[in-house]
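*Asks:* Structure file entry00.cif (mmCIF, C-alpha atoms) is given on the next line.
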data_upload
loop_
_atom_site.label_atom_id
_atom_site.label_comp_id
_atom_site.auth_asym_id
_atom_site.auth_seq_id
_atom_site.Cartn_x
_atom_site.Cartn_y
_atom_site.Cartn_z
CA MET L 1 31.19 105.17 124.64
CA SER L 2 29.32 105.43 127.94
CA PRO L 3 27.19 108.54 128.66
CA THR L 4 29.63 109.58 131.43
CA ALA L 5 32.65 109.31 129.13
CA ASN L 6 30.77 111.17 126.42
CA ARG L 7 29.97 114.06 128.77
CA SER L 8 33.63 114.20 129.88
CA ALA L 9 34.80 114.39 126.27
CA ILE L 10 32.38 117.24 125.57
CA TRP L 11 33.60 119.20 128.61
CA LEU L 12 37.24 118.63 127.70
CA GLU L 13 36.54 119.96 124.21
CA ARG L 14 34.86 123.06 125.65
CA LEU L 15 37.78 123.66 128.05
CA LYS L 16 40.43 123.19 125.36
CA PRO L 17 40.91 126.92 124.55
CA TYR L 18 41.45 127.68 128.24
CA THR L 19 43.87 124.80 128.87
CA GLU L 20 45.89 125.80 125.79
CA ARG L 21 46.09 129.37 127.07
CA LEU L 22 47.34 128.15 130.46
CA SER L 23 50.03 126.02 128.78
CA LYS L 24 51.57 129.03 127.03
CA PRO L 25 53.27 131.35 129.51
CA HIS L 26 53.81 134.07 126.90
CA GLU L 27 50.04 134.51 126.62
CA LEU L 28 49.60 135.08 130.36
CA ILE L 29 50.63 138.69 130.02
CA VAL L 30 50.07 141.11 132.88
CA GLU L 31 50.90 144.49 131.45
CA GLY L 32 52.32 147.35 133.46
CA THR L 33 53.46 150.92 132.99
CA VAL L 34 56.68 152.87 133.27
CA SER L 35 56.69 154.82 136.53
CA ARG L 36 60.04 156.59 136.19
CA MET L 37 63.47 156.52 134.58
CA VAL L 38 66.62 157.36 136.52
CA GLY L 39 69.85 157.32 134.55
CA LEU L 40 69.82 154.13 132.49
CA THR L 41 67.23 152.33 134.62
CA LEU L 42 63.50 152.13 134.03
CA GLU L 43 61.08 151.31 136.83
CA ALA L 44 57.89 149.49 135.87
CA VAL L 45 54.86 148.80 138.07
CA GLY L 46 51.84 146.55 137.60
CA CYS L 47 53.59 143.71 135.76
CA ARG L 48 55.54 140.59 136.69
CA ALA L 49 58.53 139.13 134.88
CA ALA L 50 61.49 136.96 135.80
CA MET L 51 65.09 138.13 136.07
CA GLY L 52 66.78 138.12 132.67
CA SER L 53 63.53 138.05 130.71
CA ARG L 54 62.66 140.57 128.01
CA CYS L 55 59.93 143.23 127.96
CA GLN L 56 58.64 145.56 125.28
CA ILE L 57 57.82 149.16 126.10
CA GLU L 58 55.33 150.86 123.80
CA THR L 59 55.62 154.64 123.53
CA LYS L 60 52.64 156.91 122.93
CA SER L 61 53.66 157.12 119.26
CA GLY L 62 53.58 153.32 118.91
CA HIS L 63 57.38 152.85 118.87
CA LEU L 64 58.58 149.66 120.61
CA ILE L 65 61.60 149.70 122.92
CA GLU L 66 63.11 146.41 124.08
CA ALA L 67 64.39 146.09 127.64
CA GLU L 68 65.59 143.37 130.00
CA VAL L 69 64.71 142.77 133.64
CA VAL L 70 67.85 143.39 135.72
CA GLY L 71 66.33 143.58 139.21
CA PHE L 72 63.21 144.07 141.30
CA ALA L 73 62.12 145.54 144.64
CA GLY L 74 58.69 144.58 145.91
CA THR L 75 56.22 145.23 143.12
CA ARG L 76 58.67 147.32 141.08
CA LEU L 77 60.70 145.93 138.20
CA PHE L 78 64.02 147.46 137.17
CA LEU L 79 64.50 147.37 133.41
CA MET L 80 67.59 148.19 131.36
CA PRO L 81 66.89 149.25 127.75
CA ILE L 82 68.62 147.33 124.97
CA THR L 83 67.70 149.77 122.21
CA GLU L 84 67.48 153.56 122.05
CA VAL L 85 64.89 155.17 124.36
CA HIS L 86 63.76 158.11 122.23
CA GLY L 87 60.12 159.05 122.83
CA LEU L 88 59.88 157.34 126.22
CA GLU L 89 57.72 158.99 128.88
CA ALA L 90 55.83 158.11 132.04
CA ASP L 91 52.89 155.64 131.87
CA CYS L 92 54.10 153.93 128.68
CA ARG L 93 52.88 150.33 128.42
CA VAL L 94 55.25 147.58 129.54
CA ILE L 95 54.53 144.18 127.97
CA PRO L 96 56.43 141.19 129.44
CA LEU L 97 57.59 138.75 126.76
CA ASN L 98 58.61 135.98 129.21
CA ASN L 99 61.51 134.89 127.02
CA ALA L 100 65.18 135.07 127.95
CA SER L 101 67.99 136.30 125.72
CA GLN L 102 69.31 133.67 123.32
CA ALA L 103 72.11 133.33 120.78
CA ARG L 104 71.63 132.10 117.22
CA VAL L 105 74.28 129.56 116.33
CA GLY L 106 75.41 127.54 113.32
CA TYR L 107 78.22 127.20 110.80
CA SER L 108 76.69 129.98 108.70
CA LEU L 109 78.06 132.42 111.31
CA LEU L 110 81.60 131.88 110.03
CA GLY L 111 82.85 134.98 108.25
CA ARG L 112 80.12 137.17 109.75
CA VAL L 113 80.18 140.23 112.03
CA LEU L 114 77.34 140.44 114.57
CA ASP L 115 76.14 142.90 117.20
CA GLY L 116 75.30 142.06 120.80
CA SER L 117 71.81 140.88 119.83
CA GLY L 118 73.13 138.53 117.15
CA ASN L 119 72.04 140.73 114.24
CA PRO L 120 74.46 141.03 111.27
CA LEU L 121 76.45 144.25 110.86
CA ASP L 122 78.31 143.34 107.66
CA ASN L 123 75.56 143.81 105.04
CA LYS L 124 76.00 140.21 103.82
CA GLY L 125 72.35 139.29 104.06
CA PRO L 126 70.28 137.58 106.75
CA LEU L 127 71.66 134.82 108.96
CA LYS L 128 70.65 131.21 108.40
CA THR L 129 71.35 129.64 111.76
CA GLU L 130 70.74 126.09 112.96
CA ALA L 131 69.64 126.55 116.56
CA TYR L 132 69.10 128.89 119.49
CA ILE L 133 71.00 128.47 122.75
CA SER L 134 70.95 130.31 126.06
CA LEU L 135 73.32 133.23 126.56
CA ASN L 136 74.11 132.05 130.07
CA GLY L 137 75.38 128.57 129.14
CA SER L 138 75.36 125.43 131.28
CA PRO L 139 78.04 124.67 133.89
CA ILE L 140 80.36 121.74 133.19
CA ASN L 141 81.20 119.25 135.92
CA PRO L 142 84.91 119.95 136.63
CA LEU L 143 85.55 116.22 137.06
CA THR L 144 84.36 115.47 133.53
CA ARG L 145 86.46 118.15 131.83
CA LYS L 146 89.20 116.86 129.57
CA PRO L 147 92.63 117.74 131.05
CA ILE L 148 94.92 120.16 129.22
CA ARG L 149 97.62 118.01 127.63
CA GLU L 150 98.21 119.40 124.11
CA PRO L 151 99.79 122.71 123.07
CA LEU L 152 97.96 125.12 120.78
CA ASP L 153 99.96 126.88 118.09
CA VAL L 154 99.14 130.62 118.12
CA GLY L 155 101.72 131.55 115.47
CA ILE L 156 103.71 133.89 117.73
CA ARG L 157 107.30 132.88 118.51
CA ALA L 158 107.56 134.39 122.00
CA ILE L 159 104.35 132.68 123.16
CA ASN L 160 104.96 129.32 121.47
CA ALA L 161 108.48 129.07 122.91
CA MET L 162 108.32 130.83 126.28
CA LEU L 163 104.62 130.90 127.29
CA CYS L 164 103.29 127.77 125.63
CA VAL L 165 99.49 127.71 125.61
CA GLY L 166 97.50 124.48 125.93
CA ARG L 167 94.24 123.60 124.21
CA GLY L 168 91.54 124.61 126.66
CA GLN L 169 93.68 127.09 128.61
CA ARG L 170 92.35 130.51 129.67
CA MET L 171 94.97 133.27 129.43
CA GLY L 172 94.88 136.95 130.34
CA LEU L 173 96.49 139.61 128.15
CA PHE L 174 97.33 142.47 130.53
CA ALA L 175 98.06 145.79 128.89
CA GLY L 176 97.55 149.51 129.07
CA THR L 177 96.16 151.42 126.14
CA GLY L 178 98.14 151.68 122.91
CA VAL L 179 100.74 148.95 123.46
CA GLY L 180 99.68 146.63 120.62
CA LYS L 181 97.17 144.22 122.16
CA SER L 182 94.74 144.45 119.20
CA ILE L 183 97.54 143.67 116.74
CA LEU L 184 98.59 140.70 118.88
CA LEU L 185 95.01 139.39 118.88
CA GLY L 186 94.81 139.85 115.11
CA MET L 187 98.02 137.85 114.63
CA MET L 188 96.61 135.01 116.73
CA THR L 189 93.40 135.06 114.71
CA LYS L 190 95.28 134.67 111.42
CA PHE L 191 98.08 132.31 112.47
CA THR L 192 96.53 129.96 115.05
CA SER L 193 96.10 126.24 114.38
CA ALA L 194 92.61 126.32 115.98
CA GLU L 195 89.81 125.32 113.62
CA ILE L 196 87.47 128.19 114.49
CA VAL L 197 88.09 131.64 115.97
CA VAL L 198 85.47 133.66 117.85
CA VAL L 199 86.34 137.30 118.56
CA GLY L 200 84.40 139.47 120.99
CA LEU L 201 85.16 143.21 120.68
CA ILE L 202 83.49 144.59 123.79
CA GLY L 203 83.40 148.33 124.45
CA GLU L 204 86.00 149.23 121.83
CA ARG L 205 85.96 152.39 119.74
CA GLY L 206 84.02 152.10 116.49
CA ARG L 207 87.08 153.08 114.46
CA GLU L 208 89.08 150.23 115.98
CA VAL L 209 86.36 147.72 115.11
CA ASN L 210 86.46 148.54 111.40
CA GLU L 211 90.26 148.62 111.47
CA PHE L 212 90.43 145.22 113.15
CA VAL L 213 88.10 143.62 110.59
CA GLN L 214 89.64 145.12 107.45
CA LYS L 215 93.29 145.74 108.27
CA ILE L 216 94.34 143.36 111.05
CA LEU L 217 92.07 140.37 110.40
CA GLY L 218 91.64 140.60 106.63
CA GLU L 219 89.54 138.43 104.33
CA GLU L 220 91.55 135.24 104.94
CA GLY L 221 91.37 135.56 108.70
CA LEU L 222 87.64 136.29 108.59
CA LYS L 223 86.75 133.09 106.72
CA ARG L 224 87.00 130.86 109.80
CA ALA L 225 86.10 133.55 112.34
CA VAL L 226 82.96 134.95 113.96
CA LEU L 227 83.07 138.52 115.29
CA VAL L 228 80.70 139.85 117.94
CA VAL L 229 80.97 143.62 118.18
CA THR L 230 79.47 145.94 120.79
CA PRO L 231 81.21 149.34 120.55
CA ALA L 232 81.71 151.75 123.43
CA ASP L 233 78.55 153.71 122.58
CA SER L 234 76.35 150.60 123.01
CA PRO L 235 74.15 150.39 126.13
CA PRO L 236 75.86 148.56 129.02
CA LEU L 237 73.47 145.63 128.72
CA MET L 238 74.45 145.17 125.07
CA ARG L 239 78.14 145.14 126.01
CA VAL L 240 77.43 142.41 128.56
CA HIS L 241 75.39 140.49 125.99
CA GLY L 242 78.23 140.79 123.48
CA ALA L 243 80.62 138.97 125.81
CA LEU L 244 78.00 136.34 126.65
CA MET L 245 77.12 135.83 122.99
CA ALA L 246 80.74 135.38 121.91
CA THR L 247 81.15 132.78 124.67
CA SER L 248 77.90 130.99 123.71
CA ILE L 249 78.95 130.78 120.05
CA ALA L 250 82.33 129.35 121.11
CA GLU L 251 80.54 126.81 123.34
CA TYR L 252 78.39 125.69 120.42
CA PHE L 253 81.39 124.96 118.21
CA ARG L 254 83.20 123.25 121.10
CA ASP L 255 80.19 120.97 121.58
CA GLN L 256 80.48 120.10 117.88
CA GLY L 257 83.98 118.74 118.63
CA LYS L 258 85.91 121.74 117.27
CA ASP L 259 89.02 123.36 118.72
CA VAL L 260 88.02 127.00 119.20
CA LEU L 261 90.14 130.05 119.93
CA LEU L 262 88.12 132.69 121.82
CA LEU L 263 89.58 136.20 121.88
CA MET L 264 87.77 138.75 124.03
CA ASP L 265 88.80 142.39 124.05
CA SER L 266 88.21 143.23 126.77
CA LEU L 267 87.29 141.63 130.08
CA THR L 268 87.63 145.02 131.74
CA ARG L 269 84.94 146.59 129.54
CA PHE L 270 82.66 143.66 130.40
CA ALA L 271 83.23 144.34 134.12
CA GLN L 272 82.68 148.07 133.65
CA ALA L 273 79.37 147.43 131.87
CA HIS L 274 78.26 145.23 134.79
CA ARG L 275 79.32 147.99 137.18
CA GLU L 276 77.09 150.49 135.34
CA ILE L 277 74.13 148.13 135.58
CA ALA L 278 74.68 147.26 139.25
CA LEU L 279 75.12 150.87 140.34
CA ALA L 280 72.04 151.88 138.36
CA ILE L 281 69.88 149.51 140.46
CA ASP L 282 71.44 150.82 143.70
CA GLU L 283 73.88 148.02 144.49
CA PRO L 284 76.50 149.55 146.81
CA PRO L 285 80.09 149.85 145.49
CA ALA L 286 82.79 147.86 147.25
CA THR L 287 86.25 148.12 145.66
CA LYS L 288 87.13 151.23 143.64
CA GLY L 289 83.50 151.66 142.65
CA TYR L 290 82.96 148.01 141.63
CA PRO L 291 79.99 146.32 143.37
CA PRO L 292 80.49 142.75 144.70
CA SER L 293 78.33 141.21 141.94
CA VAL L 294 80.93 142.23 139.33
CA PHE L 295 83.55 139.98 140.92
CA ALA L 296 81.03 137.12 140.90
CA LYS L 297 80.33 137.59 137.18
CA LEU L 298 83.99 137.32 136.11
CA PRO L 299 84.55 133.64 137.08
CA HIS L 300 81.09 132.77 135.77
CA LEU L 301 82.11 134.04 132.32
CA VAL L 302 85.67 132.69 132.32
CA GLU L 303 84.75 129.20 133.58
CA ARG L 304 82.55 128.67 130.53
CA ALA L 305 85.70 128.48 128.39
CA GLY L 306 88.15 125.58 128.54
CA ASN L 307 87.90 121.94 127.52
CA GLY L 308 84.60 120.15 127.26
CA ASP L 309 83.83 116.57 128.25
CA HIS L 310 86.18 113.76 127.22
CA GLY L 311 85.95 113.32 123.47
CA GLY L 312 84.63 116.86 122.90
CA GLY L 313 86.27 119.98 121.60
CA SER L 314 88.02 122.83 123.41
CA ILE L 315 87.88 126.59 123.90
CA THR L 316 91.28 128.21 124.32
CA ALA L 317 90.57 131.76 125.49
CA PHE L 318 92.54 134.99 125.63
CA TYR L 319 90.94 137.81 127.64
CA THR L 320 92.51 141.24 127.45
CA VAL L 321 92.60 143.13 130.74
CA LEU L 322 93.14 146.88 130.61
CA ALA L 323 95.55 148.03 133.29
CA GLU L 324 94.30 151.49 134.27
CA GLY L 325 97.30 153.79 134.37
CA ASP L 326 99.48 150.74 133.61
CA ASP L 327 98.66 149.46 137.11
CA ASN L 328 98.52 145.66 136.96
CA ASN L 329 97.11 145.62 140.52
CA ASP L 330 93.83 147.19 139.41
CA PRO L 331 90.87 145.33 141.09
CA ILE L 332 89.70 143.73 137.83
CA ALA L 333 93.27 142.76 136.86
CA ASP L 334 93.83 141.26 140.30
CA ALA L 335 90.54 139.32 140.17
CA ALA L 336 91.27 138.11 136.62
CA ARG L 337 94.66 136.70 137.61
CA GLY L 338 92.92 134.57 140.23
CA VAL L 339 90.55 132.88 137.78
CA LEU L 340 92.79 132.56 134.69
CA ASP L 341 95.40 129.92 133.87
CA GLY L 342 98.18 132.40 133.22
CA HIS L 343 98.84 135.93 132.04
CA ILE L 344 100.83 137.72 129.36
CA VAL L 345 101.91 141.25 130.27
CA LEU L 346 102.54 143.84 127.56
CA SER L 347 105.08 146.49 128.57
CA ARG L 348 104.73 150.15 127.62
CA ASN L 349 108.48 150.62 127.88
CA LEU L 350 109.08 147.88 125.32
CA ALA L 351 106.40 149.30 123.02
CA GLU L 352 107.89 152.78 123.21
CA SER L 353 111.30 151.38 122.27
CA GLY L 354 109.83 149.77 119.13
CA HIS L 355 109.88 146.21 120.52
CA TYR L 356 106.82 144.35 119.14
CA PRO L 357 105.08 142.32 120.34
CA ALA L 358 105.84 144.12 123.61
CA ILE L 359 105.67 140.97 125.78
CA ASP L 360 107.35 141.28 129.17
CA ILE L 361 108.75 137.76 129.53
CA GLU L 362 109.74 138.22 133.18
CA ALA L 363 106.24 139.29 134.27
CA SER L 364 104.36 136.71 132.17
CA VAL L 365 103.60 133.09 133.01
CA SER L 366 101.66 130.12 131.63
CA ARG L 367 100.47 127.91 134.48
CA VAL L 368 100.04 124.77 132.37
CA MET L 369 103.22 125.05 130.31
CA THR L 370 105.11 122.42 132.32
CA ASP L 371 102.31 119.89 131.68
CA ILE L 372 102.26 120.20 127.89
CA ILE L 373 105.90 120.57 126.79
CA THR L 374 108.85 118.18 126.62
CA PRO L 375 111.67 118.21 129.23
CA ARG L 376 114.05 119.58 126.56
CA HIS L 377 111.68 122.46 125.79
CA LEU L 378 111.41 123.22 129.51
CA GLN L 379 115.21 123.24 129.86
CA LEU L 380 115.56 125.68 126.95
CA ALA L 381 112.84 127.99 128.28
CA ARG L 382 114.42 128.14 131.75
CA GLU L 383 117.87 128.92 130.33
CA PHE L 384 116.37 131.66 128.13
CA ARG L 385 114.62 133.24 131.14
CA ARG L 386 117.80 133.02 133.22
CA LEU L 387 119.89 134.84 130.59
CA TYR L 388 117.20 137.46 129.99
CA SER L 389 116.78 138.16 133.73
CA LEU L 390 120.54 138.31 134.36
CA TYR L 391 120.95 140.99 131.71
CA GLN L 392 117.98 143.02 133.00
CA GLN L 393 119.25 142.87 136.60
CA ASN L 394 122.68 144.17 135.58
CA ARG L 395 121.53 146.46 132.79
CA ASP L 396 122.45 149.72 134.54
CA LEU L 397 125.97 148.52 135.35
CA ILE L 398 126.48 147.30 131.79
CA SER L 399 125.14 150.48 130.16
CA VAL L 400 127.44 152.81 132.14
CA GLY L 401 130.48 150.57 131.67
CA ALA L 402 130.78 149.69 135.37
CA TYR L 403 130.73 145.97 134.69
CA GLN L 404 134.13 144.49 133.82
CA PRO L 405 133.95 141.63 131.26
CA GLY L 406 135.22 138.37 132.75
CA SER L 407 133.97 139.15 136.27
CA ASP L 408 131.08 136.66 136.00
CA PRO L 409 130.83 134.04 133.22
CA ARG L 410 127.03 133.95 133.54
CA ILE L 411 126.70 137.71 132.96
CA ASP L 412 129.21 137.49 130.12
CA ARG L 413 127.02 134.91 128.41
CA ALA L 414 123.90 137.02 129.03
CA ILE L 415 125.61 140.05 127.41
CA GLN L 416 126.75 137.97 124.45
CA LYS L 417 123.26 136.49 123.85
CA ASN L 418 121.20 139.62 124.55
CA PRO L 419 121.01 140.94 120.93
CA ALA L 420 119.86 137.51 119.69
CA ILE L 421 117.37 137.22 122.59
CA LEU L 422 115.78 140.59 121.76
CA GLU L 423 115.56 139.65 118.09
CA PHE L 424 113.98 136.31 119.03
CA LEU L 425 111.24 138.03 121.05
CA GLN L 426 110.29 140.39 118.22
CA GLN L 427 108.11 139.47 115.26
CA SER L 428 106.49 141.23 112.33
CA MET L 429 102.69 141.30 112.32
CA ASP L 430 102.69 139.63 108.88
CA GLU L 431 105.00 136.78 109.94
CA ALA L 432 103.74 133.43 111.27
CA VAL L 433 106.07 131.28 113.37
CA ASP L 434 104.75 127.84 114.29
CA VAL L 435 105.75 125.73 117.30
CA PRO L 436 108.42 123.54 115.56
CA ARG L 437 110.14 126.58 114.07
CA SER L 438 109.99 128.41 117.42
CA LEU L 439 111.71 125.50 119.16
CA HIS L 440 114.31 125.15 116.40
CA GLU L 441 115.23 128.84 116.65
CA LEU L 442 115.33 128.65 120.46
CA GLU L 443 117.65 125.64 120.28
CA ALA L 444 119.95 127.40 117.81
CA LEU L 445 120.06 130.55 119.93
CA LEU L 446 121.03 128.91 123.24
CA GLU L 447 123.34 126.17 121.86
CA LEU L 448 122.87 123.96 124.89
CA PRO L 449 124.43 120.45 124.89
#
Kindly present the structure from the file in structure tokens form.

*Replies:*
Amino acid sequence: MSPTANRSAIWLERLKPYTERLSKPHELIVEGTVSRMVGLTLEAVGCRAAMGSRCQIETKSGHLIEAEVVGFAGTRLFLMPITEVHGLEADCRVIPLNNASQARVGYSLLGRVLDGSGNPLDNKGPLKTEAYISLNGSPINPLTRKPIREPLDVGIRAINAMLCVGRGQRMGLFAGTGVGKSILLGMMTKFTSAEIVVVGLIGERGREVNEFVQKILGEEGLKRAVLVVTPADSPPLMRVHGALMATSIAEYFRDQGKDVLLLMDSLTRFAQAHREIALAIDEPPATKGYPPSVFAKLPHLVERAGNGDHGGGSITAFYTVLAEGDDNNDPIADAARGVLDGHIVLSRNLAESGHYPAIDIEASVSRVMTDIITPRHLQLAREFRRLYSLYQQNRDLISVGAYQPGSDPRIDRAIQKNPAILEFLQQSMDEAVDVPRSLHELEALLELP
């Protein structure tokens, strides 16, 4: 080796500790301090961190609080705590971690119940996952997505026959409170033909979470399911992370070639959590208190579901949308209808009359149904809707005896078939009705040539 090359090698060896330090961003830590806390938002000064990255806040007692960067203004960082903030005060150290939120994924997640950070809640031991993936996912080229051509059996007669759902479809479940949406989701979880079910319970009451796992889902339903739970008392950032984590887990199984059913209850709680975060960092409200960024987040979340590339798996998603005051024109409900592939409306009037599932057939629609069913099935579904609507339109006249039988053969047929139609639309929560049986019963009911 020449003397020049030898001297270069010596200098490179001496510089090695410094070059290694420069190659590791997490070691280039510029610490800061907490300047103030207003509501749920912390302001930190003296440190730099990217949007979405994590920071640790050290209290004077040595307790560590984890937070995420949700905004910035000049030299100030806006942080949203992920854990409890007990013991926090001014001038606490802020240590940027320079790592974004990730989801742990793998087949060992099946049968487990997780929180919004991916930690187990079911006391079944630690998780043994295969990989880490980003919570924000990667966009799919719409031209490479596999088209929706096959129906997915959800085990519910009214949906299989009248609102047929395709593999890779995104559906909204619009309902007020207390009309049976959780029971409907539990039935889908147990009876669907999908290989894997991912359930995101976002912003629900803690009592409902335990009830869903033990009573509605049960041990059999849990075996092929993953539950991500962030109750109503979780910080808003954790509720957002819960929805993102459920979607990321579903994406992982879809990329493994599996047909996944994603059930998220609810999309409204996800939007409300984003509203809390946006308002806390002074984003101005636009529509009924919702800032504009909320309406940008909804399609970003929903578009991650659906079919993957040709030859890959699928994510068929149901998102519940809470209609405030039973108003289906609520801003979030209106925005959701624009980005989903159909909607199922649950009626309070039907629920109060003991009609379960309380699906309002007239107000519900599946936008891909005509592409995935046979012409015969389409003919039967249209005749069923026609008879149902005819009876509902003339219901007042029929109930008071003002309609004279024989006046209109179509109405006469609707009156004759109405008891069988109502029975067809109802189903016990312990009963599974697959697609072939649904079609057979529809054919027998209508008796079309």

*Asks:* Take CA of Cys92 (chain L) and CA of Arg275 (chain L) and report the distance between them in Å, one decimal.

*Replies:*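 According to the coordinates, CA of Cys92 (chain L) and CA of Arg275 (chain L) are separated by 27.3 Å.
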
*Asks:* Need to verify the contact set: Asp259 (chain L), 10 Å, all atoms listed in the file, exclusion of same-chain residues closer than 3 positions in sequence. Can you return it as a ChimeraX atom specification?

*Replies:* /L:152,167-168,193-197,250,253-256,262,307,312-316

*Asks:* If we count all atoms listed in the file and set the cut-off at 10 Å, which residues sit around Arg112 (chain L), ignoring sequence neighbours fewer than 3 positions away in its own chain? Please answer as a VMD selection string.

*Replies:* chain L and resid 108 to 109 119 to 125 127 222 to 228

*Asks:* Mind checking which residues fall within 10 Å of Ile277 (chain L), counting only C-alpha atoms, ignoring those fewer than 6 positions away in the same chain, and posting them as a count of residues only?

*Replies:* 14

*Asks:* Kindly give the distance, in Å, that separates CA of Gln102 (chain L) and CA of Ser134 (chain L), rounded to a single decimal.

*Replies:*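 Computing it gives 4.6 Å between the two atoms.
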
*Asks:* What gap, in Å, lies between CA of Ala363 (chain L) and CA of Asp430 (chain L)?

*Replies:*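 Separation between CA of Ala363 (chain L) and CA of Asp430 (chain L): 25.6 Å.
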
*Asks:* Would you pick out the contacts of Asp330 (chain L) at 12 Å or less, using all atoms listed in the file, so that residues sharing its chain but fewer than 4 positions from it are not included, and give the list as a PyMOL selection string?

*Replies:* chain L and resi 174-176+268+287-290+321-326+334-337

*Asks:* For this file, the PyMOL selection byres ((chain L and resi 106) around 8) selects which residues, as a VMD selection string?

*Replies:* chain L and resid 104 to 105 107 to 109 128 to 131 252

*Asks:* Please dump the current selection as a CSV table (one decimal), in the coordinates of the input; keep C-alpha atoms.

*Replies:*
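Saved result, selection-v4.csv, follows:
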chain,number,residue,atom,x,y,z
L,104,ARG,CA,71.6,132.1,117.2
L,105,VAL,CA,74.3,129.6,116.3
L,107,TYR,CA,78.2,127.2,110.8
L,108,SER,CA,76.7,130.0,108.7
L,109,LEU,CA,78.1,132.4,111.3
L,128,LYS,CA,70.6,131.2,108.4
L,129,THR,CA,71.4,129.6,111.8
L,130,GLU,CA,70.7,126.1,113.0
L,131,ALA,CA,69.6,126.6,116.6
L,252,TYR,CA,78.4,125.7,120.4

*Asks:* Using all atoms listed in the file for the distances, tell me which of L:Thr33, L:Thr144, L:Ser117, L:Ser399 is nearest to Pro96 (chain L).

*Replies:*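 Smallest distance to Pro96 (chain L) is found for L:Thr33.
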
*Asks:* Find the spatial neighbours of region 380-383 of chain L, counting only C-alpha atoms, within a cut-off of 10 Å - ignore same-chain residues fewer than 6 positions away - and output them as a list in words.

*Replies:*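 In the requested form, the answer reads Ala161, Met162, Leu163, Cys164, Ser389, Leu439, Leu442, Glu443, Leu445, Leu446, Glu447 and Leu448 of chain L.
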
*Asks:* Determine the residue membership of the PyMOL selection byres ((chain L and resi 364-366) around 6) for the file above and supply it as JSON, numbers by chain.

*Replies:* {"L": [163, 342, 343, 344, 345, 361, 362, 363, 367, 368, 369]}

*Asks:* Let me know the residues the PyMOL selection byres ((chain L and resi 190) around 8) catches in the file above, as a list of chain:residue names.

*Replies:*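 Those residues are L:Gly186, L:Met187, L:Met188, L:Thr189, L:Phe191, L:Thr192, L:Leu217, L:Glu220, L:Gly221.
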
*Asks:* Up to 10 Å from (120.5, 141.6, 124.6) in the file's coordinates: name the residues, counting all atoms listed in the file, as number ranges by chain.

*Replies:* L: 387-388, 391-392, 395, 414-423

*Asks:* Looking at L:Glu84, L:Glu431, L:Ser347, L:Glu303, which one is nearest to Pro142 (chain L), with distances taken over all atoms listed in the file?

*Replies:*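 Of L:Glu84, L:Glu431, L:Ser347, L:Glu303, the one nearest Pro142 (chain L), counting all atoms listed in the file, is L:Glu303.
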
*Asks:* May I have the protein, DNA and RNA residues with any atom at most 7 Å from the point (80.0, 146.9, 119.9), counting all atoms listed in the file, written as a compact mmCIF listing (two decimals) with C-alpha atoms, keeping the file's coordinate frame?

*Replies:*
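The new file point_29.txt reads:
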# COMPACT_ATOMS: atom_id res chain seq x y z
CA ASP L 115 76.14 142.90 117.20
CA GLY L 116 75.30 142.06 120.80
CA LEU L 201 85.16 143.21 120.68
CA ILE L 202 83.49 144.59 123.79
CA GLY L 203 83.40 148.33 124.45
CA GLU L 204 86.00 149.23 121.83
CA VAL L 229 80.97 143.62 118.18
CA THR L 230 79.47 145.94 120.79
CA PRO L 231 81.21 149.34 120.55
CA ALA L 232 81.71 151.75 123.43
CA SER L 234 76.35 150.60 123.01
CA ARG L 239 78.14 145.14 126.01

*Asks:* Take region 284-289 of chain L, model N, CA, C and O atoms, and hand the result over as a PDB file, in the coordinates of the input.

*Replies:*
ATOM      1  N   PRO L 284      75.424 148.709 146.274  1.00  0.00           N
ATOM      2  CA  PRO L 284      76.500 149.550 146.810  1.00  0.00           C
ATOM      3  C   PRO L 284      77.861 149.166 146.254  1.00  0.00           C
ATOM      4  O   PRO L 284      78.161 147.980 146.081  1.00  0.00           O
ATOM      5  N   PRO L 285      78.725 150.147 145.973  1.00  0.00           N
ATOM      6  CA  PRO L 285      80.090 149.850 145.490  1.00  0.00           C
ATOM      7  C   PRO L 285      80.935 149.293 146.625  1.00  0.00           C
ATOM      8  O   PRO L 285      80.712 149.586 147.799  1.00  0.00           O
ATOM      9  N   ALA L 286      81.941 148.487 146.241  1.00  0.00           N
ATOM     10  CA  ALA L 286      82.790 147.860 147.250  1.00  0.00           C
ATOM     11  C   ALA L 286      84.252 148.224 147.049  1.00  0.00           C
ATOM     12  O   ALA L 286      84.867 148.820 147.924  1.00  0.00           O
ATOM     13  N   THR L 287      84.828 147.896 145.906  1.00  0.00           N
ATOM     14  CA  THR L 287      86.250 148.120 145.660  1.00  0.00           C
ATOM     15  C   THR L 287      86.428 149.035 144.457  1.00  0.00           C
ATOM     16  O   THR L 287      86.098 148.652 143.330  1.00  0.00           O
ATOM     17  N   LYS L 288      86.908 150.241 144.698  1.00  0.00           N
ATOM     18  CA  LYS L 288      87.130 151.230 143.640  1.00  0.00           C
ATOM     19  C   LYS L 288      85.903 151.403 142.746  1.00  0.00           C
ATOM     20  O   LYS L 288      85.998 151.460 141.525  1.00  0.00           O
ATOM     21  N   GLY L 289      84.746 151.437 143.373  1.00  0.00           N
ATOM     22  CA  GLY L 289      83.500 151.660 142.650  1.00  0.00           C
ATOM     23  C   GLY L 289      82.875 150.422 142.057  1.00  0.00           C
ATOM     24  O   GLY L 289      81.800 150.504 141.468  1.00  0.00           O
TER      25      GLY L 289
END
